[in-house]
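Engineer: Sharing a structure below in structure tokens format, with a few things to ask.
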Amino acid sequence: MGSLFEVLRTKLKEKGYKLTTQRRVIYDVFIENTDSHLSPEEVYEMVKDKYPEIGLATVYRTLQLLDELEVVSKINFNDGCNRYELNTNTDDHQHHHLICLECGNVSEVEIDLLDNLEEKIEMESNFRIIDHNVKFFGYCKSCDEKKSIQ
């Protein structure tokens, strides 16, 4: 956990920011919920238990800053709100997501089979790709089984 805070502290310092209590508490939420995709409101609910003085506007501003610093990633699952997750990517690509249309469960896919496709697109289109974002929509096993029973 110490190294994650050092990355945050370094990135903040490089941009002229300080590691305030509010920023640290918000970042703590992501470290404690590594596999979660949290909305700003969910972050706020978790943070206010530890730091009751914090306001929702501070959470929104901090999430925007953390996203700009690339220590969290903003994700849109087409459900009407942005969500955030801890950015633990060691390479330059985001992982992909499986989104259940029935229950809303989100699973992560770590395999990336698009590298060859990216190379082909770059060669044929004279376009340098720096990242891609893939979302797969469907039904998780549990919801799919319920649908087949009906």
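Going through the structure tokens in order, the chains are called A, B, and so on, while each chain numbers its residues from 1 and the ligands are numbered from 1 in the order shown.
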Give me every alpha helix (DSSP H) residue in stretch 5-142 of chain A, going by DSSP on the backbone, as a VMD selection string.
Structural biologist: chain A and resid 5 to 14 21 to 32 40 to 50 56 to 68 115 to 125 141 to 142
Engineer: Produce a table with one row for each residue of stretch 93-135 of chain A that has an atom at most 9 Å from any atom of stretch 27-40 of chain A, each row naming the nearest atom pair and its distance in Å at one decimal; use only C-alpha atoms; arrange rows by chain and rising residue number; format as CSV.
Structural biologist:
residue,atom,partner,partner_atom,distance
A:Val106,CA,A:His37,CA,8.0
A:Ser107,CA,A:Asp35,CA,8.8
A:Glu108,CA,A:Asp35,CA,8.5
Engineer: Name the residues in contact with stretch 138-145 of chain A at a cut-off of 10 Å, using only C-alpha atoms, excluding same-chain residues fewer than 2 positions from it; report them as JSON, numbers by chain.
Structural biologist: {"A": [98, 99, 100, 101, 102, 103, 104, 105, 106, 107, 135, 136, 147, 148, 149, 150]}
Engineer: Enumerate as JSON, numbers by chain all residues of chain A assigned to strand (DSSP E or B) by DSSP on the backbone, naming them with the chain letters and numbers the document uses.
Structural biologist: {"A": [38, 72, 73, 74, 75, 76, 82, 83, 84, 85, 86, 96, 97, 98, 99, 100, 106, 107, 108, 109, 135, 136, 137, 138]}
Engineer: List the neighbours of stretch 41-58 of chain A out to 8 Å using only C-alpha atoms; skip same-chain residues closer than 6 positions along the sequence, and give me the result as a list in words.
Structural biologist: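 Answer for this query is Gln22, Val25, Ile26 and Val29 of chain A.
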Engineer: Write a file of the selected residues as an mmCIF file, in the first residue's frame, keeping N, CA, C and O atoms.
Structural biologist:
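Dumped to out-v4.cif:
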data_model
loop_
_atom_site.group_PDB
_atom_site.id
_atom_site.type_symbol
_atom_site.label_atom_id
_atom_site.label_comp_id
_atom_site.auth_asym_id
_atom_site.auth_seq_id
_atom_site.Cartn_x
_atom_site.Cartn_y
_atom_site.Cartn_z
ATOM 1 N N GLN A 22 -8.151 15.016 2.673
ATOM 2 C CA GLN A 22 -9.293 14.626 1.846
ATOM 3 C C GLN A 22 -8.849 13.728 0.690
ATOM 4 O O GLN A 22 -9.487 12.714 0.408
ATOM 5 N N VAL A 25 -7.894 10.237 2.058
ATOM 6 C CA VAL A 25 -9.042 9.442 2.487
ATOM 7 C C VAL A 25 -9.804 8.911 1.270
ATOM 8 O O VAL A 25 -10.238 7.756 1.249
ATOM 9 N N ILE A 26 -9.963 9.732 0.247
ATOM 10 C CA ILE A 26 -10.641 9.290 -0.972
ATOM 11 C C ILE A 26 -9.820 8.205 -1.664
ATOM 12 O O ILE A 26 -10.369 7.186 -2.104
ATOM 13 N N VAL A 29 -10.213 4.792 -0.093
ATOM 14 C CA VAL A 29 -11.415 4.063 -0.491
ATOM 15 C C VAL A 29 -11.117 3.159 -1.683
ATOM 16 O O VAL A 29 -11.552 2.009 -1.725
#
Engineer: Using only C-alpha atoms, I'd like a table of the residues in stretch 54-143 of chain A that come within 12 Å of stretch 6-14 of chain A; for each, show the closest atom pair and its distance in Å rounded to one decimal, ordered by chain and ascending number, as a tab-separated table.
Structural biologist:
residue	atom	partner	partner_atom	distance
A:Thr62	CA	A:Leu12	CA	11.4
A:Leu65	CA	A:Leu12	CA	9.1
A:Leu66	CA	A:Leu8	CA	8.4
A:Asp67	CA	A:Leu8	CA	11.2
A:Glu68	CA	A:Lys11	CA	10.0
A:Leu69	CA	A:Lys11	CA	6.4
A:Glu70	CA	A:Lys11	CA	8.8
A:Val71	CA	A:Leu8	CA	6.7
A:Val72	CA	A:Leu8	CA	9.9
A:Leu86	CA	A:Leu8	CA	11.2
A:Asn87	CA	A:Leu8	CA	10.9
A:Thr88	CA	A:Val7	CA	10.7
